[in-house]
$ cat coords.txt   # compact mmCIF, C-alpha atoms and all ligand atoms
# COMPACT_ATOMS: atom_id res chain seq x y z
CA LEU A 16 115.33 89.90 110.76
CA ASN A 17 115.48 89.08 107.06
CA ILE A 18 114.74 92.67 106.15
CA ARG A 19 117.61 95.15 106.24
CA GLN A 20 116.44 97.73 103.69
CA ILE A 21 112.94 98.72 102.72
CA THR A 22 111.20 100.88 100.12
CA ILE A 23 108.18 102.87 101.27
CA LEU A 24 105.84 104.18 98.60
CA GLY A 25 103.32 106.74 99.84
CA SER A 26 105.79 107.66 102.58
CA THR A 27 104.08 110.99 103.31
CA GLY A 28 100.67 109.47 104.05
CA SER A 29 99.09 108.03 107.15
CA ILE A 30 100.34 104.47 106.60
CA GLY A 31 103.64 105.72 105.15
CA LEU A 32 104.44 107.77 108.26
CA GLN A 33 103.53 104.94 110.61
CA SER A 34 105.67 102.57 108.50
CA LEU A 35 108.68 104.89 108.76
CA ASP A 36 108.13 104.96 112.50
CA VAL A 37 108.01 101.15 112.70
CA CYS A 38 111.17 100.82 110.56
CA GLU A 39 113.03 103.35 112.66
CA LYS A 40 112.29 101.38 115.83
CA LEU A 41 113.36 98.14 114.12
CA ASN A 42 116.55 99.75 112.82
CA ILE A 43 115.66 99.03 109.19
CA LYS A 44 117.28 101.24 106.57
CA ILE A 45 115.00 103.17 104.20
CA ALA A 46 116.26 102.41 100.68
CA ALA A 47 113.75 104.43 98.66
CA ILE A 48 110.67 106.59 99.27
CA GLY A 49 107.97 108.01 97.02
CA ALA A 50 104.89 110.20 97.16
CA ASN A 51 102.68 112.35 94.98
CA LYS A 52 103.44 116.03 95.60
CA ASN A 53 104.25 116.72 99.24
CA ILE A 54 107.83 117.74 98.54
CA GLU A 55 108.32 119.57 101.86
CA LEU A 56 107.77 116.37 103.80
CA LEU A 57 109.69 114.29 101.25
CA GLU A 58 112.65 116.60 101.69
CA GLN A 59 112.55 116.18 105.47
CA GLN A 60 112.28 112.41 105.09
CA ALA A 61 115.16 112.32 102.58
CA ARG A 62 117.39 114.25 105.00
CA LYS A 63 116.42 112.12 107.96
CA TYR A 64 116.52 108.64 106.38
CA LEU A 65 118.99 109.18 103.51
CA PRO A 66 117.30 106.90 100.94
CA VAL A 67 119.01 106.23 97.62
CA ILE A 68 115.92 107.12 95.55
CA VAL A 69 113.13 109.65 96.13
CA SER A 70 110.19 109.61 93.76
CA VAL A 71 107.58 112.33 93.23
CA THR A 72 104.80 112.30 90.64
CA ASP A 73 104.93 115.77 89.16
CA GLU A 74 107.94 116.76 87.03
CA LYS A 75 108.09 120.34 88.30
CA SER A 76 107.93 119.24 91.94
CA ALA A 77 110.70 116.77 91.21
CA ALA A 78 112.88 119.56 89.81
CA HIS A 79 112.23 121.64 92.95
CA LEU A 80 113.02 118.74 95.22
CA LYS A 81 116.21 117.97 93.32
CA GLN A 82 117.31 121.57 93.74
CA ASN A 83 116.50 121.53 97.47
CA LEU A 84 118.35 118.28 98.00
CA LYS A 85 121.44 119.01 95.98
CA ASP A 86 123.65 118.97 99.10
CA ILE A 87 122.89 115.30 99.79
CA SER A 88 123.46 112.28 97.61
CA VAL A 89 120.04 111.12 96.48
CA LYS A 90 118.47 110.33 93.11
CA VAL A 91 115.21 112.23 92.56
CA VAL A 92 112.93 110.58 90.00
CA CYS A 93 109.44 111.46 88.78
CA GLY A 94 106.25 110.19 87.20
CA VAL A 95 104.93 106.66 87.12
CA ASP A 96 108.29 105.50 85.78
CA GLY A 97 110.02 107.07 88.75
CA LEU A 98 107.66 105.39 91.19
CA CYS A 99 108.27 102.05 89.46
CA GLU A 100 112.02 102.66 89.59
CA ALA A 101 111.73 103.16 93.34
CA ALA A 102 109.54 100.05 93.58
CA SER A 103 112.15 97.92 91.83
CA TYR A 104 115.27 99.38 93.45
CA LYS A 105 117.69 96.46 93.56
CA ASN A 106 119.04 96.69 97.11
CA SER A 107 115.65 96.79 98.77
CA ASP A 108 114.48 93.66 100.61
CA LEU A 109 110.79 94.64 100.77
CA VAL A 110 108.47 97.16 99.14
CA LEU A 111 105.79 98.62 101.38
CA ASN A 112 103.13 100.04 99.08
CA ALA A 113 101.06 102.67 100.90
CA VAL A 114 100.12 104.77 97.88
CA VAL A 115 96.41 105.57 97.77
CA GLY A 116 94.21 104.57 94.82
CA VAL A 117 94.79 102.81 91.52
CA ALA A 118 98.08 104.76 91.26
CA GLY A 119 99.46 101.95 93.42
CA LEU A 120 98.89 99.25 90.81
CA MET A 121 101.87 99.92 88.53
CA PRO A 122 104.44 100.10 91.35
CA SER A 123 103.02 96.86 92.82
CA LEU A 124 103.58 95.15 89.48
CA ALA A 125 107.01 96.72 89.10
CA ALA A 126 108.03 95.40 92.52
CA ILE A 127 106.75 91.92 91.70
CA ARG A 128 108.57 91.87 88.36
CA ALA A 129 111.76 92.88 90.20
CA LYS A 130 111.09 89.89 92.51
CA LYS A 131 110.55 92.03 95.59
CA ASN A 132 108.21 90.87 98.31
CA ILE A 133 105.45 93.39 98.96
CA ALA A 134 103.89 94.59 102.19
CA LEU A 135 100.61 95.75 100.70
CA ALA A 136 98.51 98.53 102.16
CA ASN A 137 97.31 99.71 98.75
CA LYS A 138 94.17 97.56 98.48
CA GLU A 139 93.27 99.19 95.15
CA SER A 140 96.16 97.22 93.55
CA LEU A 141 94.33 93.97 94.20
CA VAL A 142 90.87 95.39 93.54
CA THR A 143 91.85 96.53 90.06
CA GLY A 144 94.59 94.09 89.13
CA GLY A 145 93.93 91.11 91.40
CA GLU A 146 94.31 88.35 88.85
CA LEU A 147 97.36 89.92 87.25
CA ILE A 148 99.08 90.56 90.57
CA ILE A 149 98.41 87.11 91.99
CA ASN A 150 99.59 85.36 88.80
CA GLU A 151 102.72 87.46 88.46
CA ALA A 152 103.52 87.06 92.14
CA LYS A 153 103.28 83.29 91.74
CA ASN A 154 105.47 83.28 88.63
CA ASN A 155 108.08 85.47 90.28
CA HIS A 156 107.99 83.66 93.64
CA VAL A 157 106.97 86.85 95.37
CA THR A 158 105.06 86.93 98.67
CA ILE A 159 102.36 89.52 99.25
CA LEU A 160 102.09 90.37 102.93
CA PRO A 161 98.88 92.15 103.87
CA VAL A 162 99.04 95.43 105.78
CA ASP A 163 95.30 96.12 105.75
CA SER A 164 94.29 95.22 109.33
CA GLU A 165 91.50 92.77 108.38
CA HIS A 166 93.71 90.92 105.92
CA SER A 167 96.61 90.88 108.32
CA ALA A 168 94.23 89.38 110.88
CA ILE A 169 93.16 86.65 108.46
CA PHE A 170 96.77 86.03 107.47
CA GLN A 171 97.69 85.71 111.15
CA CYS A 172 94.75 83.37 111.85
CA LEU A 173 95.87 81.16 108.97
CA GLN A 174 99.37 80.62 110.34
CA GLY A 175 99.62 76.93 111.04
CA CYS A 176 96.95 76.00 108.52
CA THR A 177 98.79 73.81 106.03
CA ASP A 178 96.04 73.46 103.40
CA VAL A 179 93.83 76.53 103.15
CA LYS A 180 91.90 75.17 100.17
CA LYS A 181 90.99 72.03 102.10
CA GLU A 182 90.53 73.31 105.63
CA LEU A 183 89.14 76.83 105.38
CA LYS A 184 85.37 77.25 105.27
CA SER A 185 84.99 81.02 105.28
CA ILE A 186 86.48 84.25 106.48
CA ILE A 187 84.63 86.80 108.58
CA LEU A 188 85.65 90.35 107.75
CA THR A 189 84.78 92.76 110.52
CA ALA A 190 83.63 96.29 109.76
CA SER A 191 83.50 99.17 112.21
CA GLY A 192 80.32 100.43 110.56
CA GLY A 193 81.95 103.84 110.13
CA PRO A 194 80.86 107.20 111.55
CA PHE A 195 77.31 106.88 110.19
CA TYR A 196 76.41 103.48 111.54
CA GLY A 197 72.65 103.22 112.01
CA TYR A 198 71.91 106.37 109.99
CA SER A 199 68.91 106.46 107.63
CA LYS A 200 69.19 107.69 104.05
CA LYS A 201 67.35 110.81 105.09
CA LYS A 202 69.99 111.58 107.71
CA LEU A 203 72.84 110.78 105.33
CA LYS A 204 71.65 113.12 102.62
CA ASP A 205 73.19 116.25 104.08
CA ILE A 206 76.39 114.81 105.52
CA THR A 207 79.35 117.15 104.97
CA PRO A 208 82.94 116.14 104.14
CA ALA A 209 84.05 117.25 107.62
CA GLN A 210 81.54 114.91 109.27
CA ALA A 211 82.51 112.04 106.99
CA LEU A 212 86.23 112.48 107.66
CA ASN A 213 85.70 111.95 111.37
CA HIS A 214 86.13 108.19 111.93
CA PRO A 215 85.40 106.84 115.43
CA ASN A 216 88.27 104.30 115.75
CA TRP A 217 91.03 104.98 113.21
CA LEU A 218 92.97 108.04 112.01
CA MET A 219 93.49 107.65 108.26
CA GLY A 220 93.98 109.45 104.95
CA ASN A 221 91.00 111.31 103.45
CA LYS A 222 90.08 108.85 100.74
CA ILE A 223 89.93 105.77 102.95
CA SER A 224 88.08 107.77 105.63
CA ILE A 225 85.29 108.50 103.16
CA ASP A 226 85.43 104.86 101.99
CA CYS A 227 84.84 103.80 105.59
CA ALA A 228 81.89 106.14 105.91
CA THR A 229 80.23 104.80 102.72
CA LEU A 230 81.24 101.15 103.43
CA MET A 231 83.04 101.19 100.07
CA ASN A 232 86.11 100.29 102.09
CA LYS A 233 84.54 96.98 103.13
CA GLY A 234 83.57 96.32 99.52
CA LEU A 235 87.14 96.95 98.39
CA GLU A 236 88.37 94.71 101.22
CA LEU A 237 86.03 91.92 100.17
CA ILE A 238 87.58 91.97 96.69
CA GLU A 239 91.06 92.27 98.18
CA ALA A 240 90.41 89.18 100.35
CA VAL A 241 89.05 87.12 97.44
CA TRP A 242 92.32 87.61 95.54
CA LEU A 243 94.72 87.51 98.45
CA PHE A 244 93.41 84.26 99.91
CA GLY A 245 92.05 82.63 96.74
CA LEU A 246 88.43 82.55 97.95
CA GLN A 247 85.00 82.17 96.40
CA ILE A 248 82.85 85.27 96.97
CA ASP A 249 80.38 83.37 99.15
CA GLN A 250 83.22 82.32 101.45
CA VAL A 251 83.48 85.92 102.65
CA LYS A 252 81.13 86.99 105.44
CA ILE A 253 80.99 90.56 106.68
CA LEU A 254 79.94 91.59 110.19
CA VAL A 255 79.69 95.00 111.77
CA HIS A 256 81.79 95.04 114.92
CA ARG A 257 81.63 98.50 116.45
CA GLN A 258 84.57 98.14 118.83
CA SER A 259 87.23 97.46 116.13
CA ILE A 260 88.98 95.00 118.45
CA VAL A 261 88.46 91.76 116.54
CA HIS A 262 90.20 92.63 113.28
CA SER A 263 88.77 89.61 111.42
CA MET A 264 88.28 85.87 111.80
CA VAL A 265 88.60 82.61 109.90
CA GLU A 266 86.16 79.74 110.11
CA PHE A 267 87.46 76.23 109.44
CA LYS A 268 85.70 73.12 108.14
CA ASP A 269 85.20 71.80 111.69
CA ASN A 270 83.29 75.04 112.56
CA SER A 271 86.10 76.26 114.72
CA ILE A 272 86.66 80.02 114.44
CA ILE A 273 89.98 81.75 115.06
CA ALA A 274 90.10 85.52 115.55
CA GLN A 275 92.86 88.09 115.85
CA LEU A 276 92.36 90.85 118.41
CA GLY A 277 94.34 93.95 119.18
CA SER A 278 94.18 97.68 119.84
CA PRO A 279 93.10 99.54 116.72
CA ASP A 280 96.61 100.65 115.81
CA MET A 281 97.95 100.11 112.28
CA ARG A 282 101.51 99.74 113.54
CA ILE A 283 100.69 96.15 114.55
CA PRO A 284 99.78 94.91 111.04
CA ILE A 285 102.48 97.12 109.48
CA GLN A 286 105.14 95.61 111.71
CA TYR A 287 103.92 92.04 111.21
CA ALA A 288 104.12 92.45 107.43
CA ILE A 289 107.71 93.62 107.82
CA THR A 290 108.95 91.14 110.43
CA TYR A 291 106.95 88.08 109.27
CA PRO A 292 107.37 85.27 110.21
CA GLU A 293 108.90 86.79 113.34
CA ARG A 294 106.97 88.68 116.00
CA LEU A 295 108.74 91.48 117.83
CA GLU A 296 107.74 93.97 120.49
CA CYS A 297 105.59 96.80 119.18
CA PRO A 298 105.08 100.05 121.11
CA VAL A 299 101.28 100.06 120.95
CA GLU A 300 98.65 100.02 123.65
CA GLU A 301 98.08 96.64 125.28
CA LEU A 302 94.58 95.31 124.86
CA ASP A 303 92.62 95.50 128.10
CA LEU A 304 89.67 93.15 127.63
CA LEU A 305 88.27 93.99 131.04
CA LYS A 306 87.98 97.60 129.98
CA ILE A 307 86.35 96.67 126.67
CA LYS A 308 84.00 94.14 128.27
CA ASN A 309 81.67 93.65 125.29
CA LEU A 310 82.30 92.63 121.71
CA THR A 311 79.25 92.89 119.46
CA PHE A 312 78.48 91.64 115.95
CA GLU A 313 75.69 92.67 113.57
CA ASN A 314 74.71 92.59 109.94
CA THR A 315 75.68 95.36 107.53
CA ASP A 316 73.04 97.67 106.04
CA GLU A 317 73.56 97.23 102.31
CA LYS A 318 70.34 99.00 101.38
CA THR A 319 71.48 102.28 102.86
CA PHE A 320 75.17 101.85 102.06
CA LYS A 321 75.04 100.94 98.38
CA CYS A 322 78.78 100.80 97.77
CA LEU A 323 79.18 97.49 99.56
CA LYS A 324 76.50 95.79 97.47
CA ALA A 325 77.97 97.32 94.31
CA CYS A 326 81.40 95.85 95.11
CA LYS A 327 79.86 92.44 95.73
CA ASP A 328 78.11 92.60 92.38
CA ALA A 329 81.31 93.79 90.72
CA ILE A 330 83.45 90.90 91.93
CA LYS A 331 80.68 88.40 91.21
CA SER A 332 80.60 89.53 87.56
CA GLY A 333 84.37 89.72 87.61
CA GLY A 334 86.46 90.95 84.70
CA LEU A 335 86.85 94.70 84.66
CA LYS A 336 83.82 95.49 86.84
CA PRO A 337 85.90 95.95 90.01
CA VAL A 338 88.10 98.37 88.05
CA ALA A 339 84.97 100.34 87.17
CA ALA A 340 83.70 100.33 90.75
CA ASN A 341 87.06 101.55 92.02
CA ALA A 342 87.50 104.27 89.39
CA ALA A 343 83.96 105.58 89.90
CA ASN A 344 84.53 105.66 93.64
CA GLU A 345 87.85 107.50 93.37
CA VAL A 346 86.25 110.24 91.29
CA ALA A 347 83.09 110.37 93.41
CA VAL A 348 85.06 110.70 96.65
CA GLU A 349 87.09 113.54 95.21
CA LEU A 350 83.92 115.31 94.02
CA PHE A 351 82.28 114.82 97.41
CA LEU A 352 85.33 116.26 99.20
CA ARG A 353 85.11 119.31 96.91
CA ASN A 354 81.41 119.70 97.75
CA LYS A 355 80.39 118.95 94.16
CA ILE A 356 78.14 116.01 95.03
CA GLY A 357 76.26 114.79 98.09
CA PHE A 358 77.28 111.89 100.30
CA LEU A 359 74.64 109.48 98.98
CA GLU A 360 75.59 110.18 95.39
CA ILE A 361 78.85 108.32 95.91
CA GLY A 362 76.89 105.06 96.14
CA ASP A 363 74.65 105.99 93.21
CA ILE A 364 77.69 106.69 91.05
CA VAL A 365 79.50 103.44 91.89
CA GLU A 366 76.32 101.47 91.25
CA ASP A 367 75.78 103.24 87.93
CA ALA A 368 79.38 102.77 86.79
CA ILE A 369 79.42 99.00 87.19
CA LYS A 370 76.26 98.77 85.11
CA HIS A 371 77.81 101.03 82.51
CA GLN A 372 80.97 98.96 82.25
CA VAL A 373 80.45 96.12 79.81
CA SER A 374 82.32 93.31 81.45
CA ASP A 375 85.33 91.84 79.77
CA ASN A 376 86.26 88.58 81.44
CA THR A 377 89.03 87.34 79.24
CA ASN A 378 92.71 88.17 79.16
CA ILE A 379 92.69 91.08 81.55
CA THR A 380 95.83 93.04 80.79
CA LEU A 381 97.31 96.10 82.47
CA GLU A 382 96.39 98.11 79.37
CA LYS A 383 92.73 97.09 79.63
CA ILE A 384 92.68 97.93 83.31
CA MET A 385 94.17 101.38 82.77
CA SER A 386 91.91 102.21 79.83
CA THR A 387 88.82 101.10 81.76
CA ASP A 388 89.93 103.23 84.69
CA LEU A 389 90.26 106.27 82.43
CA SER A 390 86.99 105.75 80.57
CA ILE A 391 85.00 105.29 83.79
CA ARG A 392 86.56 108.44 85.25
CA ALA A 393 85.45 110.37 82.16
CA TYR A 394 82.00 108.76 82.31
CA VAL A 395 81.47 109.77 85.94
CA LYS A 396 82.51 113.37 85.30
CA GLU A 397 80.10 113.50 82.39
CA LEU A 398 77.40 111.94 84.54
CA VAL A 399 77.62 114.66 87.16
CA ASN A 400 78.33 117.27 84.54
CA ILE A 401 81.72 118.40 85.79
CA LYS A 402 83.85 120.14 83.21
CA GLU A 403 87.56 120.31 83.86
P1 LIG B 1 97.02 108.98 102.64
O1 LIG B 1 96.12 109.79 101.81
O2 LIG B 1 97.28 109.39 104.04
O3 LIG B 1 98.43 108.85 101.90
C1 LIG B 1 98.53 108.51 100.56
C2 LIG B 1 99.98 108.47 100.12
O4 LIG B 1 100.03 108.14 98.72
C3 LIG B 1 100.70 109.82 100.25
O5 LIG B 1 102.05 109.59 100.53
C4 LIG B 1 100.54 110.41 98.87
O6 LIG B 1 101.51 111.38 98.54
C5 LIG B 1 100.74 109.17 98.03
N1 LIG B 1 100.20 109.26 96.69
C6 LIG B 1 98.96 109.64 96.30
N2 LIG B 1 98.84 109.59 94.97
C7 LIG B 1 100.04 109.17 94.49
C8 LIG B 1 100.56 108.96 93.19
N3 LIG B 1 99.82 109.18 92.10
N4 LIG B 1 101.83 108.54 93.08
C9 LIG B 1 102.60 108.33 94.17
N5 LIG B 1 102.16 108.53 95.44
C10 LIG B 1 100.90 108.95 95.58
O7 LIG B 1 96.46 107.48 102.58
P2 LIG B 1 96.58 106.32 103.67
O8 LIG B 1 97.96 106.24 104.17
O9 LIG B 1 95.47 106.44 104.63
O10 LIG B 1 96.25 105.05 102.78
C11 LIG B 1 97.19 104.49 101.88
C12 LIG B 1 96.68 103.14 101.37
O11 LIG B 1 96.59 102.26 102.48
C13 LIG B 1 95.27 103.20 100.77
O12 LIG B 1 95.18 102.30 99.73
C14 LIG B 1 94.37 102.77 101.91
O13 LIG B 1 93.19 102.18 101.46
C15 LIG B 1 95.27 101.75 102.61
N6 LIG B 1 94.97 101.58 104.03
C16 LIG B 1 95.06 102.61 104.91
C17 LIG B 1 94.78 102.45 106.25
C18 LIG B 1 94.92 103.56 107.23
O14 LIG B 1 94.74 103.35 108.44
N7 LIG B 1 95.23 104.77 106.83
C19 LIG B 1 94.33 101.15 106.77
C20 LIG B 1 94.30 100.11 105.77
C21 LIG B 1 94.61 100.33 104.47
P3 LIG B 1 101.26 112.98 98.85
O15 LIG B 1 101.35 113.13 100.33
O16 LIG B 1 102.37 113.65 98.14
O17 LIG B 1 99.91 113.32 98.32
MG MG B 2 91.04 97.64 106.61

$ encode --input "coords.txt" --output "structure tokens"
Amino acid sequence: LNIRQITILGSTGSIGLQSLDVCEKLNIKIAAIGANKNIELLEQQARKYLPVIVSVTDEKSAAHLKQNLKDISVKVVCGVDGLCEAASYKNSDLVLNAVVGVAGLMPSLAAIRAKKNIALANKESLVTGGELIINEAKNNHVTILPVDSEHSAIFQCLQGCTDVKKELKSIILTASGGPFYGYSKKKLKDITPAQALNHPNWLMGNKISIDCATLMNKGLELIEAVWLFGLQIDQVKILVHRQSIVHSMVEFKDNSIIAQLGSPDMRIPIQYAITYPERLECPVEELDLLKIKNLTFENTDEKTFKCLKACKDAIKSGGLKPVAANAANEVAVELFLRNKIGFLEIGDIVEDAIKHQVSDNTNITLEKIMSTDLSIRAYVKELVNIKE
């Protein structure tokens, strides 16, 4: 393996924990870890894996953690700067970014500028800063390895394709359809957070679970794919595939389609991003096609699930619109989880926010992205009349 030491950002989350598990089995050293505020778990992880740097967002939590860890040799850092310090730690061979939300953008950029390859789970990095990330990665000769299962599938299907621009016709992103597949608007109106958090095929963090239920996740993934694989928007097709066995497909110029199949277990794409180009054994369930028997494909319902259509519109207009869609969604999901708004309002809010954002298509800088993110957050709170 080329990877001896790895940095895991978002180490306390669903992807972070599975990544630590994968690294442990591969005997890869954990060079640095970072999270938001779960200092109990960070302390356990620091003791178990002995990283050089531990990053936590809040200053007070960092002081606590430092105190608790004073018997071991570890540098505790805090804030965005701390997270970026962890992301650019010199001895690390790979940065796995599993932070949730736009908070993952800065550490992605920091890793790229430090010339670290990235295993990217944080799709919001590419949704908000796609152009910036792709350009900087090119300039710094950095490879971005997808962790998101659909993008890993596409990446795997493209192995052996020597000229993607010339040979690829389209990609087919599969979508599980989420827990409310087939529901009418009337039925969706009174959905509670507990119902929405209950995904049929995957166990994930809260935010992405809601994104799956609203189909925002597929919208974010569409934008992620456009940047990651250098596609035109109309080269991306989306199909509902209830079984979550075909993780995505690519269609070539000769109308041949290649698909990647596997058990719905994130440790497969996580491990492939780490071991690429090698494939190693992975302790996940073997796929039993005789048991599964049927694989089905259908169209998505964009009328009921507005978020997907809003994301399509956002990436079509380009500029800062995807930043607006993402920021509005992050706030809306949080408000929904706190019972401040209904399930369907998430889609209304995202749709409203991209109309509100006056697109700026030139010279997208990190500063413009961050200020758009902040102004849309404020706009959404005003819109639903939340005072904080
Ligand atoms: P979780 O909510 O389970 O975990 C999020 C992680 O990010 C936690 O470690 C959390 O720390 C940390 N975090 C949150 N905010 C900050 C911040 N401001 N600074 C530093 N760290 C922060 O999310 P998931 O693991 O489910 O998802 C992570 C990313 O991976 C998302 O972008 C998601 O879309 C993507 N993804 C997830 C999949 C899944 O199966 N879960 C599948 C495909 C993609 P703390 O615990 O302290 O709050
Ligand atoms: Mg996915």

$ closest_atom_pairs --input "coords.txt" --of "stretch 189-240 of chain A" --to "stretch 306-312 of chain A" --cutoff "12 Å" --atoms "only C-alpha atoms" --output "CSV"
residue,atom,partner,partner_atom,distance
A:Thr189,CA,A:Phe312,CA,8.4
A:Ala190,CA,A:Phe312,CA,9.3
A:Ser191,CA,A:Phe312,CA,9.8
A:Gly192,CA,A:Phe312,CA,10.5

$ closest_residue --input "coords.txt" --among "A:Ile223, A:Ile18, A:Leu350, A:Leu212" --to "A:Pro194" --atoms "all atoms listed in the file"
A:Leu212

$ closest_atom_pairs --input "coords.txt" --of "chain A" --to "ligand LIG 1 (chain B)" --cutoff "9 Å" --atoms "all atoms listed in the file" --output "Markdown table"
| residue | atom | partner | partner_atom | distance |
| --- | --- | --- | --- | --- |
| A:Leu24 | CA | B:LIG1 | N5 | 6.5 |
| A:Gly25 | CA | B:LIG1 | O5 | 3.2 |
| A:Ser26 | CA | B:LIG1 | O5 | 4.7 |
| A:Thr27 | CA | B:LIG1 | O5 | 3.7 |
| A:Gly28 | CA | B:LIG1 | O3 | 3.2 |
| A:Ser29 | CA | B:LIG1 | O8 | 3.7 |
| A:Ile30 | CA | B:LIG1 | O8 | 3.8 |
| A:Gly31 | CA | B:LIG1 | O8 | 5.8 |
| A:Leu32 | CA | B:LIG1 | O8 | 7.8 |
| A:Gln33 | CA | B:LIG1 | O8 | 8.6 |
| A:Gly49 | CA | B:LIG1 | N5 | 6.0 |
| A:Ala50 | CA | B:LIG1 | N5 | 3.6 |
| A:Asn51 | CA | B:LIG1 | O16 | 3.4 |
| A:Lys52 | CA | B:LIG1 | O16 | 3.6 |
| A:Asn53 | CA | B:LIG1 | O16 | 3.8 |
| A:Ile54 | CA | B:LIG1 | O16 | 6.8 |
| A:Leu56 | CA | B:LIG1 | O15 | 8.0 |
| A:Leu57 | CA | B:LIG1 | O16 | 8.0 |
| A:Ser70 | CA | B:LIG1 | C9 | 7.7 |
| A:Val71 | CA | B:LIG1 | C9 | 6.5 |
| A:Thr72 | CA | B:LIG1 | N4 | 5.4 |
| A:Asp73 | CA | B:LIG1 | N4 | 8.8 |
| A:Gly94 | CA | B:LIG1 | N4 | 7.5 |
| A:Val95 | CA | B:LIG1 | N4 | 7.0 |
| A:Leu98 | CA | B:LIG1 | C9 | 6.6 |
| A:Asn112 | CA | B:LIG1 | C12 | 7.5 |
| A:Ala113 | CA | B:LIG1 | C11 | 4.4 |
| A:Val114 | CA | B:LIG1 | O4 | 3.5 |
| A:Val115 | CA | B:LIG1 | C13 | 4.0 |
| A:Gly116 | CA | B:LIG1 | O12 | 5.5 |
| A:Val117 | CA | B:LIG1 | N3 | 8.1 |
| A:Ala118 | CA | B:LIG1 | N3 | 4.8 |
| A:Gly119 | CA | B:LIG1 | N4 | 7.0 |
| A:Pro122 | CA | B:LIG1 | C9 | 8.9 |
| A:Leu135 | CA | B:LIG1 | O11 | 7.9 |
| A:Ala136 | CA | B:LIG1 | O11 | 4.2 |
| A:Asn137 | CA | B:LIG1 | O12 | 3.5 |
| A:Lys138 | CA | B:LIG1 | O12 | 5.0 |
| A:Glu139 | CA | B:LIG1 | O12 | 5.9 |
| A:Ser140 | CA | B:LIG1 | O12 | 8.1 |
| A:Val162 | CA | B:LIG1 | C20 | 6.7 |
| A:Asp163 | CA | B:LIG1 | C20 | 4.1 |
| A:Ser164 | CA | B:LIG1 | C20 | 6.0 |
| A:Glu165 | CA | B:LIG1 | C20 | 8.3 |
| A:Trp217 | CA | B:LIG1 | O14 | 6.3 |
| A:Leu218 | CA | B:LIG1 | O14 | 6.2 |
| A:Met219 | CA | B:LIG1 | N7 | 3.7 |
| A:Gly220 | CA | B:LIG1 | O9 | 3.4 |
| A:Asn221 | CA | B:LIG1 | O1 | 5.6 |
| A:Lys222 | CA | B:LIG1 | O1 | 6.2 |
| A:Ile223 | CA | B:LIG1 | O13 | 5.1 |
| A:Ser224 | CA | B:LIG1 | O9 | 7.6 |
| A:Asp226 | CA | B:LIG1 | O13 | 8.2 |
| A:Asn232 | CA | B:LIG1 | O13 | 7.4 |
| A:Leu235 | CA | B:LIG1 | O13 | 8.6 |
| A:Glu236 | CA | B:LIG1 | O13 | 8.9 |
| A:Asp280 | CA | B:LIG1 | O14 | 8.1 |
| A:Met281 | CA | B:LIG1 | O14 | 6.0 |

$ closest_residue --input "coords.txt" --among "A:Gly145, A:Pro284, A:Gly197, A:Gly334" --to "ligand MG 2 (chain B)" --atoms "all atoms listed in the file"
A:Pro284

$ closest_residue --input "coords.txt" --among "A:Ile283, A:Val255, A:Leu120, A:Val37" --to "A:Val142" --atoms "only C-alpha atoms"
A:Leu120

$ residues_around --input "coords.txt" --residues "A:Phe267" --least-positions-apart "5" --cutoff "6 Å" --atoms "all atoms listed in the file" --output "PyMOL selection string"
chain A and resi 182-184

$ residues_near_point --input "coords.txt" --point "(74.7, 91.8, 111.5)" --cutoff "9 Å" --atoms "all atoms listed in the file" --output "PyMOL selection string"
chain A and resi 253-256+312-316

$ closest_residue --input "coords.txt" --among "A:Asn378, A:Gln286, A:Gln247, A:Asn344" --to "A:Asp363" --atoms "only C-alpha atoms"
A:Asn344

$ closest_residue --input "coords.txt" --among "A:Asn354, A:Asn376, A:Gln60, A:Thr22" --to "A:Ala209" --atoms "only C-alpha atoms"
A:Asn354

$ atom_distance --input "coords.txt" --atom1 "atom CA of A:Leu237" --atom2 "atom CA of A:Ile187"
9.9 Å

$ residues_around --input "coords.txt" --residues "A:Thr229" --least-positions-apart "3" --cutoff "8 Å" --atoms "all atoms listed in the file" --output "list of chain:residue names"
A:Gly193, A:Ile225, A:Asp226, A:Asn232, A:Phe320, A:Lys321, A:Cys322, A:Ile361, A:Gly362
